Structures are given as structure tokens and as C-alpha cells.
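Report on one structure; see the data block that follows.
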Amino acid sequence: MSVQERKQRERAERERLIVATARELAEQQGWDAVTTRRLAERIEYSQPVLYSHFRGKREIIGAVALEGATEMAAALRAATSAADGPRTRVTVLARTYLDFAERNPAVYDALFQLDGGLAFANEDTPEPLKDAFAALLESLGEVVGDGVHPALFAETFWAALHGLATLTRARRLPPEDTERRVELLVDRLAMV
């Protein structure tokens, strides 16, 4: 291995460590606790080293969001691939999405609540974000009604899931009724 390859590998490892540490700190204490100073202390590198990887917290949030989008897409695909039939697939999709949001609140916030400097719904959208949306669209495509654009339907279904996730987390909706909400969403919006 050349010196250049070794340096690139070490740089990538440092970047993964920064992102993993930021994510861990955010999941434990919230995003307000994630500062470059605290990250530098935790990973035992100087703040200038952090800034050589990320220009600031916004870019770190973006990196966590991209990692989370990849994980969400994989979770959605894994869960729905085993589901038999459209109704089961859409129900499993909704449950898996809501479960992901509940188990990974800081990642979910990085994806959908905080400014990570990422473009959504345009040509500059990073591939992991496009892929996470594609994972939704793959399971919803077969339940789109006649004359309805599949992406528009997926956006609307996603918006409903996002509303359920954020309102339940904020204790605006009682969590014990989540399953009934999923069934209603599947019955009325997906109509399967």
C-alpha cells in the first residue's frame, strides 16, 4: 500500500469516527450537545482536524443524514421484501418507517428536521436520499390508484408517516394508538 493510499484510508477512518461519535452524542444528549469542541475531545483529535473533514456542525449533520438514509432504505427493503402481498407490504413499510424514526431520533432529525445542507427533491439531491425515497416508492408503486402519479403518491404517504412519527415523538399523539393509525393509513390512503 502506498503512502497516499494509507493516508486516504486513515482520513476516511477519521471521518467515519467523527460521524459515528456525533451520531452517538446526538442520540444520547440531543443535537445541541454536538459541538466541534466536544467531538474533538471525544475522538481525541484537535478541532482543526475536525475542520479538515467538515466545515462545521451543519456538514456533520448532513453526513449523519446520508448515513441514516442508507440505513433507512436498507431497513425498508429488508422488511418489505419478505412481505406477501400489497397490503402486507405497505403495512410493513409503514411500521418499519415509524420504528426507524423511533429507534433513531437523532438520525431522523438529521434527515428531516435539521439543516444538514442537503438538497431534497431536485437534481442535486445526494444518492442516499434518492435511494431512501426509491425504497418507499418501490413498495407503494403497486397500490397507486389509476391516474395518480406514483412519486406524488409516495410523497403523500411519506408525509403522513412523517407526521405520525414527529407528532407521536412530540407526545401530541398517544403512542398506544400507532398501530390503529397505521391500519387507517393503509386502508384509506393506500386503499389495499
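Residue names in the C-alpha cells use chain letters A, B, ... in the order shown, residue numbers from 1 in each chain, and ligand numbers from 1 in the order shown.
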
Quick one: contact table of region 37-64 of chain A to region 68-84 of chain A, 10 Å max, nearest atom pair and distance in Å to one decimal per residue, counting only C-alpha atoms, chain and number order, as JSON lines?
```
{"residue": "A:Gly62", "atom": "CA", "partner": "A:Gly68", "partner_atom": "CA", "distance": 9.6}
{"residue": "A:Ala63", "atom": "CA", "partner": "A:Gly68", "partner_atom": "CA", "distance": 8.5}
{"residue": "A:Val64", "atom": "CA", "partner": "A:Gly68", "partner_atom": "CA", "distance": 6.0}
```

N, CA and C atoms of the current selection, written as a PDB file, in the first residue's frame:
```pdb
ATOM      1  N   GLY A  62     -25.315  16.695   7.997  1.00  0.00           N
ATOM      2  CA  GLY A  62     -25.541  16.166   6.650  1.00  0.00           C
ATOM      3  C   GLY A  62     -24.950  14.775   6.470  1.00  0.00           C
ATOM      4  N   ALA A  63     -23.757  14.558   7.001  1.00  0.00           N
ATOM      5  CA  ALA A  63     -23.123  13.240   6.898  1.00  0.00           C
ATOM      6  C   ALA A  63     -23.917  12.188   7.676  1.00  0.00           C
ATOM      7  N   VAL A  64     -24.409  12.553   8.852  1.00  0.00           N
ATOM      8  CA  VAL A  64     -25.248  11.635   9.631  1.00  0.00           C
ATOM      9  C   VAL A  64     -26.544  11.349   8.869  1.00  0.00           C
TER      10      VAL A  64
END
```

Skip region 22-37 of chain A itself and residues of its chain fewer than 4 positions away, then list as an mmCIF file with all heavy atoms, in the first residue's frame all residues within 12 Å of it, counting only C-alpha atoms.
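What landed in result_23.cif:
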```cif
data_model
loop_
_atom_site.group_PDB
_atom_site.id
_atom_site.type_symbol
_atom_site.label_atom_id
_atom_site.label_comp_id
_atom_site.auth_asym_id
_atom_site.auth_seq_id
_atom_site.Cartn_x
_atom_site.Cartn_y
_atom_site.Cartn_z
ATOM 1 N N GLU A 15 -12.984 10.278 9.396
ATOM 2 C CA GLU A 15 -14.291 10.828 9.036
ATOM 3 C C GLU A 15 -15.411 9.939 9.577
ATOM 4 O O GLU A 15 -16.391 10.424 10.143
ATOM 5 C CB GLU A 15 -14.399 10.971 7.521
ATOM 6 C CG GLU A 15 -15.566 11.823 7.102
ATOM 7 C CD GLU A 15 -15.458 12.265 5.660
ATOM 8 O OE1 GLU A 15 -14.491 12.970 5.321
ATOM 9 O OE2 GLU A 15 -16.352 11.883 4.887
ATOM 10 N N ARG A 16 -15.280 8.630 9.438
ATOM 11 C CA ARG A 16 -16.277 7.701 9.987
ATOM 12 C C ARG A 16 -16.367 7.841 11.506
ATOM 13 O O ARG A 16 -17.451 7.806 12.085
ATOM 14 C CB ARG A 16 -15.935 6.258 9.609
ATOM 15 C CG ARG A 16 -16.375 5.876 8.208
ATOM 16 C CD ARG A 16 -16.268 4.376 7.967
ATOM 17 N NE ARG A 16 -14.906 3.884 8.002
ATOM 18 C CZ ARG A 16 -14.055 3.890 6.981
ATOM 19 N NH1 ARG A 16 -14.442 4.390 5.826
ATOM 20 N NH2 ARG A 16 -12.830 3.417 7.116
ATOM 21 N N LEU A 17 -15.214 8.024 12.157
ATOM 22 C CA LEU A 17 -15.193 8.183 13.608
ATOM 23 C C LEU A 17 -15.906 9.466 14.023
ATOM 24 O O LEU A 17 -16.676 9.472 14.991
ATOM 25 C CB LEU A 17 -13.745 8.188 14.123
ATOM 26 C CG LEU A 17 -13.562 8.392 15.633
ATOM 27 C CD1 LEU A 17 -14.242 7.274 16.420
ATOM 28 C CD2 LEU A 17 -12.079 8.479 15.969
ATOM 29 N N ILE A 18 -15.681 10.527 13.310
ATOM 30 C CA ILE A 18 -16.342 11.800 13.609
ATOM 31 C C ILE A 18 -17.855 11.652 13.482
ATOM 32 O O ILE A 18 -18.619 12.050 14.372
ATOM 33 C CB ILE A 18 -15.825 12.934 12.689
ATOM 34 C CG1 ILE A 18 -14.353 13.234 12.985
ATOM 35 C CG2 ILE A 18 -16.683 14.191 12.833
ATOM 36 C CD1 ILE A 18 -13.668 14.082 11.910
ATOM 37 N N GLU A 41 -12.790 16.463 21.708
ATOM 38 C CA GLU A 41 -12.423 15.835 22.978
ATOM 39 C C GLU A 41 -12.724 14.337 22.961
ATOM 40 O O GLU A 41 -11.897 13.532 23.383
ATOM 41 C CB GLU A 41 -13.182 16.492 24.142
ATOM 42 C CG GLU A 41 -12.713 17.883 24.472
ATOM 43 C CD GLU A 41 -13.614 18.586 25.486
ATOM 44 O OE1 GLU A 41 -14.601 17.967 25.971
ATOM 45 O OE2 GLU A 41 -13.346 19.759 25.781
ATOM 46 N N ARG A 42 -13.879 13.983 22.464
ATOM 47 C CA ARG A 42 -14.288 12.567 22.475
ATOM 48 C C ARG A 42 -13.447 11.694 21.553
ATOM 49 O O ARG A 42 -13.189 10.543 21.872
ATOM 50 C CB ARG A 42 -15.759 12.432 22.092
ATOM 51 C CG ARG A 42 -16.676 12.752 23.232
ATOM 52 C CD ARG A 42 -17.946 11.987 23.082
ATOM 53 N NE ARG A 42 -18.758 12.192 24.262
ATOM 54 C CZ ARG A 42 -19.879 11.569 24.475
ATOM 55 N NH1 ARG A 42 -20.317 10.698 23.615
ATOM 56 N NH2 ARG A 42 -20.567 11.800 25.570
ATOM 57 N N ILE A 43 -13.087 12.216 20.397
ATOM 58 C CA ILE A 43 -12.317 11.384 19.464
ATOM 59 C C ILE A 43 -10.816 11.582 19.606
ATOM 60 O O ILE A 43 -10.036 10.935 18.927
ATOM 61 C CB ILE A 43 -12.754 11.603 18.000
ATOM 62 C CG1 ILE A 43 -12.462 13.031 17.539
ATOM 63 C CG2 ILE A 43 -14.221 11.259 17.807
ATOM 64 C CD1 ILE A 43 -12.679 13.251 16.067
ATOM 65 N N GLU A 44 -10.450 12.510 20.489
ATOM 66 C CA GLU A 44 -9.048 12.787 20.797
ATOM 67 C C GLU A 44 -8.251 13.276 19.585
ATOM 68 O O GLU A 44 -7.130 12.842 19.328
ATOM 69 C CB GLU A 44 -8.391 11.556 21.441
ATOM 70 C CG GLU A 44 -9.056 11.175 22.749
ATOM 71 C CD GLU A 44 -8.464 9.935 23.388
ATOM 72 O OE1 GLU A 44 -7.724 9.187 22.719
ATOM 73 O OE2 GLU A 44 -8.751 9.719 24.579
ATOM 74 N N TYR A 45 -8.886 14.179 18.856
ATOM 75 C CA TYR A 45 -8.237 14.918 17.785
ATOM 76 C C TYR A 45 -8.478 16.397 18.047
ATOM 77 O O TYR A 45 -9.422 16.758 18.746
ATOM 78 C CB TYR A 45 -8.808 14.555 16.406
ATOM 79 C CG TYR A 45 -8.328 13.239 15.858
ATOM 80 C CD1 TYR A 45 -9.124 12.110 15.894
ATOM 81 C CD2 TYR A 45 -7.066 13.127 15.287
ATOM 82 C CE1 TYR A 45 -8.692 10.899 15.393
ATOM 83 C CE2 TYR A 45 -6.622 11.913 14.779
ATOM 84 C CZ TYR A 45 -7.439 10.807 14.839
ATOM 85 O OH TYR A 45 -7.002 9.613 14.334
ATOM 86 N N SER A 46 -7.687 17.235 17.437
ATOM 87 C CA SER A 46 -7.873 18.675 17.616
ATOM 88 C C SER A 46 -9.049 19.162 16.768
ATOM 89 O O SER A 46 -9.437 18.516 15.792
ATOM 90 C CB SER A 46 -6.597 19.419 17.218
ATOM 91 O OG SER A 46 -6.383 19.294 15.827
ATOM 92 N N GLN A 47 -9.572 20.325 17.135
ATOM 93 C CA GLN A 47 -10.651 20.919 16.344
ATOM 94 C C GLN A 47 -10.217 21.182 14.902
ATOM 95 O O GLN A 47 -11.010 20.947 13.993
ATOM 96 C CB GLN A 47 -11.166 22.193 17.012
ATOM 97 C CG GLN A 47 -12.060 21.881 18.206
ATOM 98 C CD GLN A 47 -12.609 23.131 18.849
ATOM 99 O OE1 GLN A 47 -11.860 23.904 19.421
ATOM 100 N NE2 GLN A 47 -13.912 23.312 18.755
ATOM 101 N N PRO A 48 -8.975 21.628 14.649
ATOM 102 C CA PRO A 48 -8.570 21.803 13.254
ATOM 103 C C PRO A 48 -8.644 20.505 12.435
ATOM 104 O O PRO A 48 -8.957 20.547 11.242
ATOM 105 C CB PRO A 48 -7.131 22.318 13.355
ATOM 106 C CG PRO A 48 -7.099 23.034 14.660
ATOM 107 C CD PRO A 48 -7.986 22.222 15.564
ATOM 108 N N VAL A 49 -8.403 19.368 13.075
ATOM 109 C CA VAL A 49 -8.542 18.101 12.366
ATOM 110 C C VAL A 49 -10.006 17.893 11.971
ATOM 111 O O VAL A 49 -10.307 17.491 10.845
ATOM 112 C CB VAL A 49 -8.011 16.915 13.207
ATOM 113 C CG1 VAL A 49 -8.385 15.583 12.580
ATOM 114 C CG2 VAL A 49 -6.502 17.011 13.378
ATOM 115 N N LEU A 50 -10.918 18.185 12.889
ATOM 116 C CA LEU A 50 -12.347 18.084 12.566
ATOM 117 C C LEU A 50 -12.701 18.989 11.385
ATOM 118 O O LEU A 50 -13.412 18.582 10.473
ATOM 119 C CB LEU A 50 -13.196 18.479 13.769
ATOM 120 C CG LEU A 50 -13.369 17.437 14.852
ATOM 121 C CD1 LEU A 50 -13.890 18.080 16.118
ATOM 122 C CD2 LEU A 50 -14.308 16.357 14.400
ATOM 123 N N TYR A 51 -12.198 20.212 11.438
ATOM 124 C CA TYR A 51 -12.500 21.163 10.372
ATOM 125 C C TYR A 51 -11.838 20.788 9.051
ATOM 126 O O TYR A 51 -12.251 21.269 7.993
ATOM 127 C CB TYR A 51 -12.114 22.585 10.785
ATOM 128 C CG TYR A 51 -13.082 23.186 11.771
ATOM 129 C CD1 TYR A 51 -12.687 23.496 13.058
ATOM 130 C CD2 TYR A 51 -14.408 23.420 11.413
ATOM 131 C CE1 TYR A 51 -13.580 24.037 13.976
ATOM 132 C CE2 TYR A 51 -15.304 23.957 12.321
ATOM 133 C CZ TYR A 51 -14.889 24.263 13.592
ATOM 134 O OH TYR A 51 -15.782 24.795 14.492
ATOM 135 N N SER A 52 -10.840 19.935 9.078
ATOM 136 C CA SER A 52 -10.249 19.473 7.818
ATOM 137 C C SER A 52 -11.164 18.448 7.138
ATOM 138 O O SER A 52 -11.013 18.168 5.952
ATOM 139 C CB SER A 52 -8.856 18.882 8.055
ATOM 140 O OG SER A 52 -8.931 17.614 8.674
ATOM 141 N N HIS A 53 -12.109 17.893 7.885
ATOM 142 C CA HIS A 53 -13.075 16.939 7.338
ATOM 143 C C HIS A 53 -14.425 17.589 7.064
ATOM 144 O O HIS A 53 -15.067 17.290 6.062
ATOM 145 C CB HIS A 53 -13.280 15.774 8.301
ATOM 146 C CG HIS A 53 -12.102 14.875 8.408
ATOM 147 N ND1 HIS A 53 -11.869 13.834 7.552
ATOM 148 C CD2 HIS A 53 -11.051 14.880 9.269
ATOM 149 C CE1 HIS A 53 -10.751 13.215 7.884
ATOM 150 N NE2 HIS A 53 -10.237 13.841 8.920
ATOM 151 N N PHE A 54 -14.877 18.413 7.991
ATOM 152 C CA PHE A 54 -16.188 19.051 7.905
ATOM 153 C C PHE A 54 -16.032 20.529 8.251
ATOM 154 O O PHE A 54 -15.350 20.868 9.208
ATOM 155 C CB PHE A 54 -17.166 18.410 8.900
ATOM 156 C CG PHE A 54 -17.394 16.950 8.668
ATOM 157 C CD1 PHE A 54 -16.723 15.996 9.426
ATOM 158 C CD2 PHE A 54 -18.276 16.522 7.697
ATOM 159 C CE1 PHE A 54 -16.928 14.645 9.225
ATOM 160 C CE2 PHE A 54 -18.490 15.170 7.480
ATOM 161 C CZ PHE A 54 -17.810 14.230 8.242
ATOM 162 N N ARG A 55 -16.713 21.392 7.504
ATOM 163 C CA ARG A 55 -16.609 22.826 7.768
ATOM 164 C C ARG A 55 -17.337 23.243 9.031
ATOM 165 O O ARG A 55 -17.139 24.346 9.519
ATOM 166 C CB ARG A 55 -17.141 23.624 6.579
ATOM 167 C CG ARG A 55 -16.194 23.580 5.393
ATOM 168 C CD ARG A 55 -16.734 24.404 4.273
ATOM 169 N NE ARG A 55 -17.854 23.667 3.686
ATOM 170 C CZ ARG A 55 -18.218 23.763 2.435
ATOM 171 N NH1 ARG A 55 -17.604 24.575 1.619
ATOM 172 N NH2 ARG A 55 -19.224 23.045 1.976
ATOM 173 N N GLY A 56 -18.158 22.368 9.553
ATOM 174 C CA GLY A 56 -18.870 22.691 10.783
ATOM 175 C C GLY A 56 -19.955 21.682 11.071
ATOM 176 O O GLY A 56 -20.083 20.646 10.400
ATOM 177 N N LYS A 57 -20.747 22.000 12.059
ATOM 178 C CA LYS A 57 -21.794 21.097 12.520
ATOM 179 C C LYS A 57 -22.798 20.776 11.413
ATOM 180 O O LYS A 57 -23.285 19.646 11.308
ATOM 181 C CB LYS A 57 -22.500 21.722 13.727
ATOM 182 C CG LYS A 57 -23.554 20.846 14.354
ATOM 183 C CD LYS A 57 -24.095 21.510 15.609
ATOM 184 C CE LYS A 57 -25.209 20.731 16.236
ATOM 185 N NZ LYS A 57 -25.659 21.350 17.490
ATOM 186 N N ARG A 58 -23.109 21.747 10.598
ATOM 187 C CA ARG A 58 -24.082 21.543 9.515
ATOM 188 C C ARG A 58 -23.650 20.397 8.608
ATOM 189 O O ARG A 58 -24.460 19.545 8.254
ATOM 190 C CB ARG A 58 -24.229 22.836 8.724
ATOM 191 C CG ARG A 58 -25.219 22.749 7.594
ATOM 192 C CD ARG A 58 -25.314 24.090 6.899
ATOM 193 N NE ARG A 58 -26.378 24.097 5.931
ATOM 194 C CZ ARG A 58 -26.281 24.674 4.757
ATOM 195 N NH1 ARG A 58 -25.171 25.314 4.408
ATOM 196 N NH2 ARG A 58 -27.287 24.647 3.915
ATOM 197 N N GLU A 59 -22.378 20.355 8.243
ATOM 198 C CA GLU A 59 -21.902 19.280 7.388
ATOM 199 C C GLU A 59 -21.878 17.941 8.115
ATOM 200 O O GLU A 59 -22.086 16.890 7.502
ATOM 201 C CB GLU A 59 -20.517 19.599 6.824
ATOM 202 C CG GLU A 59 -20.562 20.608 5.710
ATOM 203 C CD GLU A 59 -19.221 20.791 5.017
ATOM 204 O OE1 GLU A 59 -18.246 20.069 5.344
ATOM 205 O OE2 GLU A 59 -19.152 21.657 4.133
ATOM 206 N N ILE A 60 -21.630 17.970 9.400
ATOM 207 C CA ILE A 60 -21.660 16.736 10.192
ATOM 208 C C ILE A 60 -23.095 16.203 10.240
ATOM 209 O O ILE A 60 -23.325 15.001 10.061
ATOM 210 C CB ILE A 60 -21.091 16.970 11.604
ATOM 211 C CG1 ILE A 60 -19.595 17.296 11.513
ATOM 212 C CG2 ILE A 60 -21.332 15.758 12.498
ATOM 213 C CD1 ILE A 60 -18.974 17.804 12.799
ATOM 214 N N ILE A 61 -24.045 17.081 10.445
ATOM 215 C CA ILE A 61 -25.460 16.684 10.416
ATOM 216 C C ILE A 61 -25.786 16.075 9.055
ATOM 217 O O ILE A 61 -26.462 15.041 8.970
ATOM 218 C CB ILE A 61 -26.381 17.879 10.736
ATOM 219 C CG1 ILE A 61 -26.243 18.282 12.202
ATOM 220 C CG2 ILE A 61 -27.838 17.562 10.388
ATOM 221 C CD1 ILE A 61 -26.902 19.606 12.553
ATOM 222 N N GLY A 62 -25.315 16.695 7.997
ATOM 223 C CA GLY A 62 -25.541 16.166 6.650
ATOM 224 C C GLY A 62 -24.950 14.775 6.470
ATOM 225 O O GLY A 62 -25.577 13.896 5.876
ATOM 226 N N ALA A 63 -23.757 14.558 7.001
ATOM 227 C CA ALA A 63 -23.123 13.240 6.898
ATOM 228 C C ALA A 63 -23.917 12.188 7.676
ATOM 229 O O ALA A 63 -24.089 11.054 7.210
ATOM 230 C CB ALA A 63 -21.680 13.309 7.401
ATOM 231 N N VAL A 64 -24.409 12.553 8.852
ATOM 232 C CA VAL A 64 -25.248 11.635 9.631
ATOM 233 C C VAL A 64 -26.544 11.349 8.869
ATOM 234 O O VAL A 64 -27.003 10.203 8.819
ATOM 235 C CB VAL A 64 -25.532 12.201 11.042
ATOM 236 C CG1 VAL A 64 -26.604 11.384 11.767
ATOM 237 C CG2 VAL A 64 -24.253 12.247 11.861
ATOM 238 N N ALA A 65 -27.111 12.364 8.246
ATOM 239 C CA ALA A 65 -28.339 12.179 7.474
ATOM 240 C C ALA A 65 -28.125 11.214 6.313
ATOM 241 O O ALA A 65 -28.960 10.331 6.072
ATOM 242 C CB ALA A 65 -28.848 13.527 6.965
ATOM 243 N N LEU A 66 -27.024 11.356 5.611
ATOM 244 C CA LEU A 66 -26.752 10.462 4.480
ATOM 245 C C LEU A 66 -26.571 9.019 4.948
ATOM 246 O O LEU A 66 -27.077 8.082 4.333
ATOM 247 C CB LEU A 66 -25.532 10.937 3.696
ATOM 248 C CG LEU A 66 -25.702 12.271 2.980
ATOM 249 C CD1 LEU A 66 -24.401 12.680 2.301
ATOM 250 C CD2 LEU A 66 -26.840 12.210 1.968
ATOM 251 N N GLU A 67 -25.876 8.855 6.046
ATOM 252 C CA GLU A 67 -25.700 7.521 6.622
ATOM 253 C C GLU A 67 -27.059 6.956 7.049
ATOM 254 O O GLU A 67 -27.370 5.785 6.801
ATOM 255 C CB GLU A 67 -24.762 7.619 7.827
ATOM 256 C CG GLU A 67 -24.361 6.308 8.432
ATOM 257 C CD GLU A 67 -23.367 6.519 9.556
ATOM 258 O OE1 GLU A 67 -22.155 6.571 9.271
ATOM 259 O OE2 GLU A 67 -23.802 6.632 10.732
ATOM 260 N N GLY A 68 -27.869 7.787 7.663
ATOM 261 C CA GLY A 68 -29.198 7.358 8.097
ATOM 262 C C GLY A 68 -30.108 7.012 6.934
ATOM 263 O O GLY A 68 -30.886 6.055 7.013
ATOM 264 N N ALA A 101 -37.786 5.713 12.834
ATOM 265 C CA ALA A 101 -37.843 7.065 13.414
ATOM 266 C C ALA A 101 -37.796 7.017 14.940
ATOM 267 O O ALA A 101 -37.106 7.831 15.562
ATOM 268 C CB ALA A 101 -39.109 7.778 12.949
ATOM 269 N N GLU A 102 -38.472 6.039 15.529
ATOM 270 C CA GLU A 102 -38.500 5.936 16.988
ATOM 271 C C GLU A 102 -37.157 5.467 17.558
ATOM 272 O O GLU A 102 -36.701 5.979 18.570
ATOM 273 C CB GLU A 102 -39.598 4.957 17.415
ATOM 274 C CG GLU A 102 -39.734 4.827 18.914
ATOM 275 C CD GLU A 102 -40.798 3.816 19.315
ATOM 276 O OE1 GLU A 102 -41.630 3.431 18.476
ATOM 277 O OE2 GLU A 102 -40.785 3.415 20.494
ATOM 278 N N ARG A 103 -36.515 4.504 16.893
ATOM 279 C CA ARG A 103 -35.253 3.952 17.395
ATOM 280 C C ARG A 103 -34.061 4.861 17.145
ATOM 281 O O ARG A 103 -33.042 4.738 17.820
ATOM 282 C CB ARG A 103 -34.973 2.589 16.753
ATOM 283 C CG ARG A 103 -35.820 1.466 17.276
ATOM 284 C CD ARG A 103 -35.432 0.104 16.689
ATOM 285 N NE ARG A 103 -35.644 0.039 15.245
ATOM 286 C CZ ARG A 103 -34.671 0.072 14.336
ATOM 287 N NH1 ARG A 103 -33.424 0.132 14.678
ATOM 288 N NH2 ARG A 103 -34.960 0.023 13.045
ATOM 289 N N ASN A 104 -34.171 5.774 16.175
ATOM 290 C CA ASN A 104 -33.048 6.630 15.774
ATOM 291 C C ASN A 104 -33.466 8.094 15.732
ATOM 292 O O ASN A 104 -33.409 8.733 14.678
ATOM 293 C CB ASN A 104 -32.547 6.212 14.382
ATOM 294 C CG ASN A 104 -32.174 4.762 14.300
ATOM 295 O OD1 ASN A 104 -31.121 4.370 14.777
ATOM 296 N ND2 ASN A 104 -33.048 3.958 13.727
ATOM 297 N N PRO A 105 -33.885 8.663 16.858
ATOM 298 C CA PRO A 105 -34.425 10.030 16.807
ATOM 299 C C PRO A 105 -33.430 11.074 16.309
ATOM 300 O O PRO A 105 -33.809 11.988 15.567
ATOM 301 C CB PRO A 105 -34.860 10.307 18.243
ATOM 302 C CG PRO A 105 -34.160 9.293 19.081
ATOM 303 C CD PRO A 105 -33.917 8.109 18.206
ATOM 304 N N ALA A 106 -32.171 10.981 16.685
ATOM 305 C CA ALA A 106 -31.198 11.980 16.233
ATOM 306 C C ALA A 106 -30.923 11.839 14.742
ATOM 307 O O ALA A 106 -30.770 12.841 14.033
ATOM 308 C CB ALA A 106 -29.897 11.868 17.032
ATOM 309 N N VAL A 107 -30.867 10.624 14.266
ATOM 310 C CA VAL A 107 -30.674 10.395 12.830
ATOM 311 C C VAL A 107 -31.893 10.899 12.068
ATOM 312 O O VAL A 107 -31.765 11.560 11.035
ATOM 313 C CB VAL A 107 -30.413 8.903 12.535
ATOM 314 C CG1 VAL A 107 -30.407 8.622 11.047
ATOM 315 C CG2 VAL A 107 -29.099 8.460 13.166
ATOM 316 N N TYR A 108 -33.066 10.599 12.588
ATOM 317 C CA TYR A 108 -34.292 11.062 11.945
ATOM 318 C C TYR A 108 -34.330 12.593 11.886
ATOM 319 O O TYR A 108 -34.683 13.173 10.866
ATOM 320 C CB TYR A 108 -35.521 10.519 12.685
ATOM 321 C CG TYR A 108 -36.790 10.676 11.890
ATOM 322 C CD1 TYR A 108 -37.119 9.773 10.893
ATOM 323 C CD2 TYR A 108 -37.649 11.741 12.134
ATOM 324 C CE1 TYR A 108 -38.275 9.922 10.150
ATOM 325 C CE2 TYR A 108 -38.804 11.899 11.398
ATOM 326 C CZ TYR A 108 -39.112 10.984 10.409
ATOM 327 O OH TYR A 108 -40.263 11.145 9.653
ATOM 328 N N ASP A 109 -33.926 13.228 12.980
ATOM 329 C CA ASP A 109 -33.850 14.692 12.982
ATOM 330 C C ASP A 109 -32.844 15.194 11.949
ATOM 331 O O ASP A 109 -33.099 16.187 11.262
ATOM 332 C CB ASP A 109 -33.470 15.217 14.363
ATOM 333 C CG ASP A 109 -34.607 15.134 15.355
ATOM 334 O OD1 ASP A 109 -35.759 14.855 14.953
ATOM 335 O OD2 ASP A 109 -34.349 15.333 16.562
ATOM 336 N N ALA A 110 -31.707 14.537 11.858
ATOM 337 C CA ALA A 110 -30.695 14.942 10.869
ATOM 338 C C ALA A 110 -31.254 14.815 9.457
ATOM 339 O O ALA A 110 -31.000 15.669 8.602
ATOM 340 C CB ALA A 110 -29.430 14.097 11.023
ATOM 341 N N LEU A 111 -32.031 13.774 9.228
ATOM 342 C CA LEU A 111 -32.629 13.569 7.903
ATOM 343 C C LEU A 111 -33.698 14.597 7.572
ATOM 344 O O LEU A 111 -33.712 15.139 6.469
ATOM 345 C CB LEU A 111 -33.263 12.174 7.841
ATOM 346 C CG LEU A 111 -32.399 11.042 7.376
ATOM 347 C CD1 LEU A 111 -33.013 9.696 7.747
ATOM 348 C CD2 LEU A 111 -32.148 11.128 5.891
ATOM 349 N N GLN A 113 -35.397 17.104 10.005
ATOM 350 C CA GLN A 113 -35.733 18.262 10.824
ATOM 351 C C GLN A 113 -34.648 19.343 10.805
ATOM 352 O O GLN A 113 -34.954 20.517 10.925
ATOM 353 C CB GLN A 113 -35.977 17.842 12.281
ATOM 354 C CG GLN A 113 -37.062 16.793 12.482
ATOM 355 C CD GLN A 113 -38.449 17.338 12.276
ATOM 356 O OE1 GLN A 113 -38.976 17.253 11.178
ATOM 357 N NE2 GLN A 113 -39.025 17.901 13.298
ATOM 358 N N LEU A 114 -33.397 18.927 10.728
ATOM 359 C CA LEU A 114 -32.284 19.865 10.858
ATOM 360 C C LEU A 114 -31.691 20.212 9.504
ATOM 361 O O LEU A 114 -31.834 19.466 8.540
ATOM 362 C CB LEU A 114 -31.190 19.244 11.755
ATOM 363 C CG LEU A 114 -31.633 18.870 13.164
ATOM 364 C CD1 LEU A 114 -30.511 18.132 13.881
ATOM 365 C CD2 LEU A 114 -32.053 20.102 13.944
ATOM 366 N N ASP A 115 -30.994 21.333 9.464
ATOM 367 C CA ASP A 115 -30.333 21.758 8.235
ATOM 368 C C ASP A 115 -28.963 21.099 8.145
ATOM 369 O O ASP A 115 -28.029 21.483 8.835
ATOM 370 C CB ASP A 115 -30.183 23.286 8.222
ATOM 371 C CG ASP A 115 -29.479 23.799 6.980
ATOM 372 O OD1 ASP A 115 -29.251 23.015 6.036
ATOM 373 O OD2 ASP A 115 -29.158 25.003 6.961
ATOM 374 N N GLY A 116 -28.884 20.096 7.284
ATOM 375 C CA GLY A 116 -27.611 19.426 7.030
ATOM 376 C C GLY A 116 -26.997 19.857 5.713
ATOM 377 O O GLY A 116 -26.027 19.257 5.247
#
```

*Check region 15-161 of chain A with DSSP on the backbone and list each residue it calls alpha helix (DSSP H), as a PyMOL selection string.*
chain A and resi 15-29+36-43+47-53+57-81+86-103+105-112+127-140+150-161

*One decimal, Å: what's the distance from CA of Arg188 (chain A) over to CA of Leu136 (chain A), could you say?*
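If I compute the distance from CA of Arg188 (chain A) to CA of Leu136 (chain A), I get 17.5 Å.
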
*asked:* Which residues are near Thr156 (chain A)? Cut-off 9 Å, only C-alpha atoms, ignore same chain within fewer than 5 positions. Put them as a PyMOL selection string.
replied: chain A and resi 151+161+189

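CA of Leu129 (chain A) lies 24.9 Å from CA of Arg9 (chain A).
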
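What separates CA of Glu176 (chain A) from CA of Tyr97 (chain A) is a distance of 16.6 Å.
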
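Distances here use only C-alpha atoms; by that measure, the residue among A:Ala190, A:Thr166, A:Arg172, A:Asp131 closest to Ala154 (chain A) is A:Ala190.
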
I'd like the neighbourhood of Val186 (chain A) as a tab-separated table (two decimals) with C-alpha atoms, in the first residue's frame, where a residue qualifies if any of its atoms comes within 12 Å (using only C-alpha atoms), though same-chain residues fewer than 2 positions away should be ignored.
```
chain	number	residue	atom	x	y	z
A	86	PRO	CA	-49.53	-5.39	-1.41
A	87	ARG	CA	-51.44	-4.78	1.82
A	88	THR	CA	-48.89	-6.56	3.97
A	89	ARG	CA	-46.03	-4.85	2.13
A	90	VAL	CA	-47.48	-1.35	2.67
A	91	THR	CA	-48.30	-2.11	6.32
A	92	VAL	CA	-44.77	-3.42	6.94
A	93	LEU	CA	-43.34	-0.38	5.16
A	94	ALA	CA	-45.26	1.98	7.46
A	95	ARG	CA	-44.34	0.07	10.61
A	140	LEU	CA	-46.05	1.82	-2.84
A	143	VAL	CA	-51.03	0.41	-4.72
A	144	VAL	CA	-51.12	3.72	-6.56
A	157	PHE	CA	-47.76	8.64	2.05
A	158	TRP	CA	-44.30	9.65	3.30
A	160	ALA	CA	-48.35	11.07	6.53
A	161	LEU	CA	-45.72	8.76	8.03
A	179	GLU	CA	-50.98	0.58	15.12
A	180	ARG	CA	-54.55	1.81	14.58
A	181	ARG	CA	-53.18	4.85	12.75
A	182	VAL	CA	-51.06	2.63	10.50
A	183	GLU	CA	-54.11	0.49	9.67
A	184	LEU	CA	-56.15	3.60	8.89
A	188	ARG	CA	-57.73	4.85	3.45
A	189	LEU	CA	-54.71	6.24	1.66
A	190	ALA	CA	-53.28	3.11	0.07
A	191	MET	CA	-56.76	1.54	-0.15
A	192	VAL	CA	-55.49	-2.04	-0.06
```
